[in-house]
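Q: Sharing a structure below in structure tokens format, with a few things to ask.
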Amino acid sequence: MSAAGIIHHLPVVRLLPHSSLSAKITLFPHHLPLSPGFELYKHGKMSTCCGSIRAINGGESAYVSPWNEKPYETLPNGKRAYLDEQDIVTFLDPPKELIPLDPTSYNPAAYIWKKIEDIPEERRHRLLNLLKPIHISRAWQIAGTRYEDPKLAKRSEFNLLCSEDGGMTLECYNCRTSGGPMPIAWINFFKKAIFSCKDGNVYGRIIGGYFLEQLARNWSPLYFVVRNHKEVMSTEQPCDFAYEFGDGLFDLHEYPQDFPRPAKHPYPFNDQVVVYVRHLGPRVLIGQAWQEGKALEQVPRKLCGEILMVKDYSAA
């Protein structure tokens, strides 16, 4: 069965701790044999793609059709918890009570891609606040399973910045890191801009945040060039492409309005910094930043933790 077919029939389990139902439930696709890997134990509400079981009067249960199910839950504080977003959080860091599914029965990267695709574009930015550092690091690992399937490995958006008339296009992304060593461990949230030029290359720069704004204004705007790398140099793990910072002195003949001229990068960005990137979902990327060093004897090291990048549709 194809990955798409598995994803379509894969049971989706949502665990919401504020419910009072207590039960043991075995979930399995109607056309597949039962596997022990599908058993789960959980005190809470449990729902599947075929409907949900809800607690009634603290003890009884009732089936709710998916046609009548809302895409969110209203929490006690009045806020809405959207189920598609919570599915991603639960999948990246499942509760101990949930026994993992058989990893050979589906592709985790395909599942995450489909769940991100289900989230409306205007709501995807919420992942930046919902996902904790452990989720972001786990997302890098999950995205790596996409290369195990030849068809999924070809799924790429690397060339989507090419406009039909050959002119410049610009996209902005909101980013969050999972932390990392000093001196940039405290730069957890920032923005990046990606733009294409008539010379056929794709460039970008790091923007946003007080520190980065001051750095761009007084020293360097932190430009980089997008290259079609296929693996992380230090670990030989697969990736889709990379951002090469170089020394910062790119020979740009054009760049977006109000962008400053390229300038030499300060340390550590001038020490052969490369951000390797994997596609996690539509316009959602996950990356690893490495300081590979200009000296031949220098051992490459991670500049920070993993980086989650989500397109800012409000900037379109």
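Identifiers in the structure tokens: chain A, B, ... in order shown; residue index from 1 per chain; ligand index from 1 in order shown.
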Write out as a ChimeraX atom specification each polymer residue whose atoms come within 8 Å of segment 278-290 of chain A, counting only C-alpha atoms; drop sequence neighbours fewer than 2 positions from it.

A: /A:109,112-114,116-117,136,139-140,143-144,156-157,239-241,273-276,292,300-311

Q: Neighbours of Glu122 of chain A within 10 Å (only C-alpha atoms; same-chain residues fewer than 4 positions away dropped), as a PyMOL selection string?

A: chain A and resi 126+311-314

Q: Keeping N, CA, C and O atoms for every residue in the selection just given, could you write it to a file as a compact mmCIF listing (two decimals), in the first residue's frame?

A:
```txt
# COMPACT_ATOMS: atom_id res chain seq x y z
N ARG A 126 0.82 29.30 14.35
CA ARG A 126 0.58 28.93 15.74
C ARG A 126 1.49 27.79 16.19
O ARG A 126 1.74 27.60 17.39
N LYS A 311 6.12 29.84 7.03
CA LYS A 311 5.90 30.99 6.18
C LYS A 311 4.90 31.97 6.80
O LYS A 311 3.89 31.57 7.38
N ASP A 312 5.22 33.25 6.69
CA ASP A 312 4.35 34.32 7.18
C ASP A 312 3.43 34.75 6.03
O ASP A 312 3.82 35.52 5.17
N TYR A 313 2.20 34.24 6.04
CA TYR A 313 1.27 34.56 4.96
C TYR A 313 0.72 35.98 5.07
O TYR A 313 0.22 36.53 4.09
N SER A 314 0.83 36.58 6.23
CA SER A 314 0.35 37.95 6.39
C SER A 314 1.25 38.94 5.68
O SER A 314 0.86 40.08 5.42
```

Q: Please, which residues of segment 70-203 of chain A, numbered as in this document, come out strand (DSSP E) from DSSP, as a PyMOL selection string?

A: chain A and resi 72-74+80-82+170-177+189-196+202-203

Q: Of the residues A:Arg123, A:Ile194, A:Leu252, A:Gly208, which is the one nearest to Ala81 of chain A, using only C-alpha atoms?

A: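 Among the listed residues, A:Arg123 lies closest to Ala81 of chain A.
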
Q: With distances taken over only C-alpha atoms, which of A:Gly179, A:Pro120, A:Gly246, A:Gly204 is nearest to Glu85 of chain A?

A: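 Once distances to Glu85 of chain A are computed over only C-alpha atoms, the minimum belongs to A:Pro120.
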
Q: Taking the chain letters and numbering used in this document, name the residues of segment 97-308 of chain A that DSSP puts in helix (DSSP H, G or I), as a PyMOL selection string.

A: chain A and resi 103-105+108-118+121-130+133-148+150-153+210-218

Q: Could you state the separation of atom CA of Pro150 of chain A and atom CA of His229 of chain A in Å, given to one decimal place?

A: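 Spanning atom CA of Pro150 of chain A to atom CA of His229 of chain A is a straight-line distance of 17.3 Å.
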
Q: Using only C-alpha atoms, find the one residue out of A:Val202, A:Ile207, A:Val277, A:Cys175 that sits nearest to Phe250 of chain A.

A: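 With only C-alpha atoms as the atom set, the closest residue is A:Val202.
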
Q: Do you have the atom CA of Gln257 of chain A-atom CA of Ser196 of chain A distance handy?

A: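 Those two atoms sit 13.2 Å apart.
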
Q: Asp258 of chain A: which residues within 12 Å, counting only C-alpha atoms, same-chain residues fewer than 3 positions away excluded, as a ChimeraX atom specification?

A: /A:217,221,254-255,261

Q: For a test of reading the model, state the distance in Å between atom CA of Asn228 of chain A and atom CA of Thr177 of chain A, rounded to one decimal.

A: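 That distance, rounded to one decimal, is 22.3 Å.
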
Q: Just checking: using only C-alpha atoms, which residue out of A:His265, A:Lys96, A:Arg155, A:His125 ends up closest to Tyr173 of chain A?

A: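 With only C-alpha atoms as the atom set, the closest residue is A:His125.
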
Q: Which residue, A:Arg205, A:Lys151, A:Arg176, A:Lys115, has the smallest gap to His135 of chain A when you use only C-alpha atoms?

A: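 Closest to His135 of chain A of all the choices is A:Arg176.
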
Q: Under the rule that only C-alpha atoms are counted, which of A:Pro133, A:Pro238, A:Pro266, A:Pro256 is the nearest residue to Thr169 of chain A?

A: A:Pro256

Q: Find the spatial neighbours of Leu222 of chain A, counting only C-alpha atoms, within a cut-off of 10 Å - ignore same-chain residues fewer than 3 positions away - and output them as a list in words.

A: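 Here the answer would be Lys192, Gly204, Arg205, Ile206, Ile207, Leu212, Leu215, Ala216, Trp219, Phe245, Gly246, Asp247, Gly248, Leu249, Pro262, Ala263, Lys264, His265, Pro266, Phe269 and Asn270 of chain A.
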
Q: I need the residues from that last selection saved to file as a tab-separated table (two decimals), in the first residue's frame (with N, CA, C and O atoms), if you can.

A:
```tsv
chain	number	residue	atom	x	y	z
A	192	LYS	N	13.12	35.43	8.80
A	192	LYS	CA	14.03	35.37	7.65
A	192	LYS	C	13.24	35.74	6.40
A	192	LYS	O	12.02	35.55	6.33
A	204	GLY	N	18.73	35.13	0.79
A	204	GLY	CA	17.91	35.42	1.95
A	204	GLY	C	18.71	36.17	2.98
A	204	GLY	O	19.92	36.39	2.82
A	205	ARG	N	18.04	36.60	4.04
A	205	ARG	CA	18.73	37.25	5.15
A	205	ARG	C	17.92	37.04	6.42
A	205	ARG	O	16.70	36.82	6.38
A	206	ILE	N	18.62	37.07	7.52
A	206	ILE	CA	17.99	36.94	8.84
A	206	ILE	C	17.57	38.33	9.30
A	206	ILE	O	18.37	39.27	9.27
A	207	ILE	N	16.32	38.45	9.72
A	207	ILE	CA	15.81	39.75	10.16
A	207	ILE	C	14.96	39.54	11.41
A	207	ILE	O	14.71	38.41	11.82
A	212	LEU	N	19.01	41.30	16.39
A	212	LEU	CA	19.31	41.16	14.97
A	212	LEU	C	19.09	42.45	14.21
A	212	LEU	O	19.80	42.75	13.25
A	215	LEU	N	22.10	44.50	14.89
A	215	LEU	CA	23.23	43.94	14.16
A	215	LEU	C	23.17	44.32	12.69
A	215	LEU	O	24.17	44.71	12.08
A	216	ALA	N	21.98	44.23	12.09
A	216	ALA	CA	21.82	44.57	10.68
A	216	ALA	C	22.06	46.04	10.43
A	216	ALA	O	22.64	46.44	9.42
A	219	TRP	N	26.19	46.63	11.71
A	219	TRP	CA	27.31	45.83	11.23
A	219	TRP	C	26.98	45.06	9.96
A	219	TRP	O	27.58	45.31	8.92
A	245	PHE	N	26.14	31.08	4.54
A	245	PHE	CA	26.34	32.48	4.92
A	245	PHE	C	27.63	33.05	4.35
A	245	PHE	O	27.71	34.26	4.09
A	246	GLY	N	28.64	32.21	4.16
A	246	GLY	CA	29.91	32.72	3.63
A	246	GLY	C	30.46	33.85	4.47
A	246	GLY	O	30.31	33.88	5.70
A	247	ASP	N	31.09	34.83	3.80
A	247	ASP	CA	31.60	36.00	4.52
A	247	ASP	C	30.61	37.16	4.52
A	247	ASP	O	30.85	38.20	5.14
A	248	GLY	N	29.50	36.99	3.78
A	248	GLY	CA	28.48	38.03	3.75
A	248	GLY	C	28.61	39.01	2.60
A	248	GLY	O	27.67	39.77	2.32
A	249	LEU	N	29.74	39.01	1.92
A	249	LEU	CA	29.98	39.98	0.85
A	249	LEU	C	29.49	39.45	-0.50
A	249	LEU	O	30.27	39.22	-1.43
A	262	PRO	N	24.77	44.30	1.14
A	262	PRO	CA	25.50	43.24	1.85
A	262	PRO	C	26.76	43.79	2.52
A	262	PRO	O	27.39	44.72	2.02
A	263	ALA	N	27.12	43.21	3.65
A	263	ALA	CA	28.32	43.60	4.39
A	263	ALA	C	28.93	42.36	5.01
A	263	ALA	O	28.28	41.30	5.10
A	264	LYS	N	30.15	42.48	5.44
A	264	LYS	CA	30.86	41.33	6.01
A	264	LYS	C	30.20	40.89	7.31
A	264	LYS	O	29.84	41.70	8.16
A	265	HIS	N	30.05	39.57	7.46
A	265	HIS	CA	29.42	39.03	8.65
A	265	HIS	C	30.33	39.16	9.87
A	265	HIS	O	31.55	39.01	9.76
A	266	PRO	N	29.77	39.39	11.05
A	266	PRO	CA	30.54	39.32	12.29
A	266	PRO	C	30.66	37.86	12.73
A	266	PRO	O	29.96	36.98	12.22
A	269	PHE	N	29.03	34.24	12.47
A	269	PHE	CA	28.39	34.02	11.17
A	269	PHE	C	29.39	34.02	10.01
A	269	PHE	O	29.06	33.54	8.93
A	270	ASN	N	30.59	34.54	10.24
A	270	ASN	CA	31.60	34.56	9.17
A	270	ASN	C	32.50	33.33	9.22
A	270	ASN	O	33.46	33.23	8.47
```
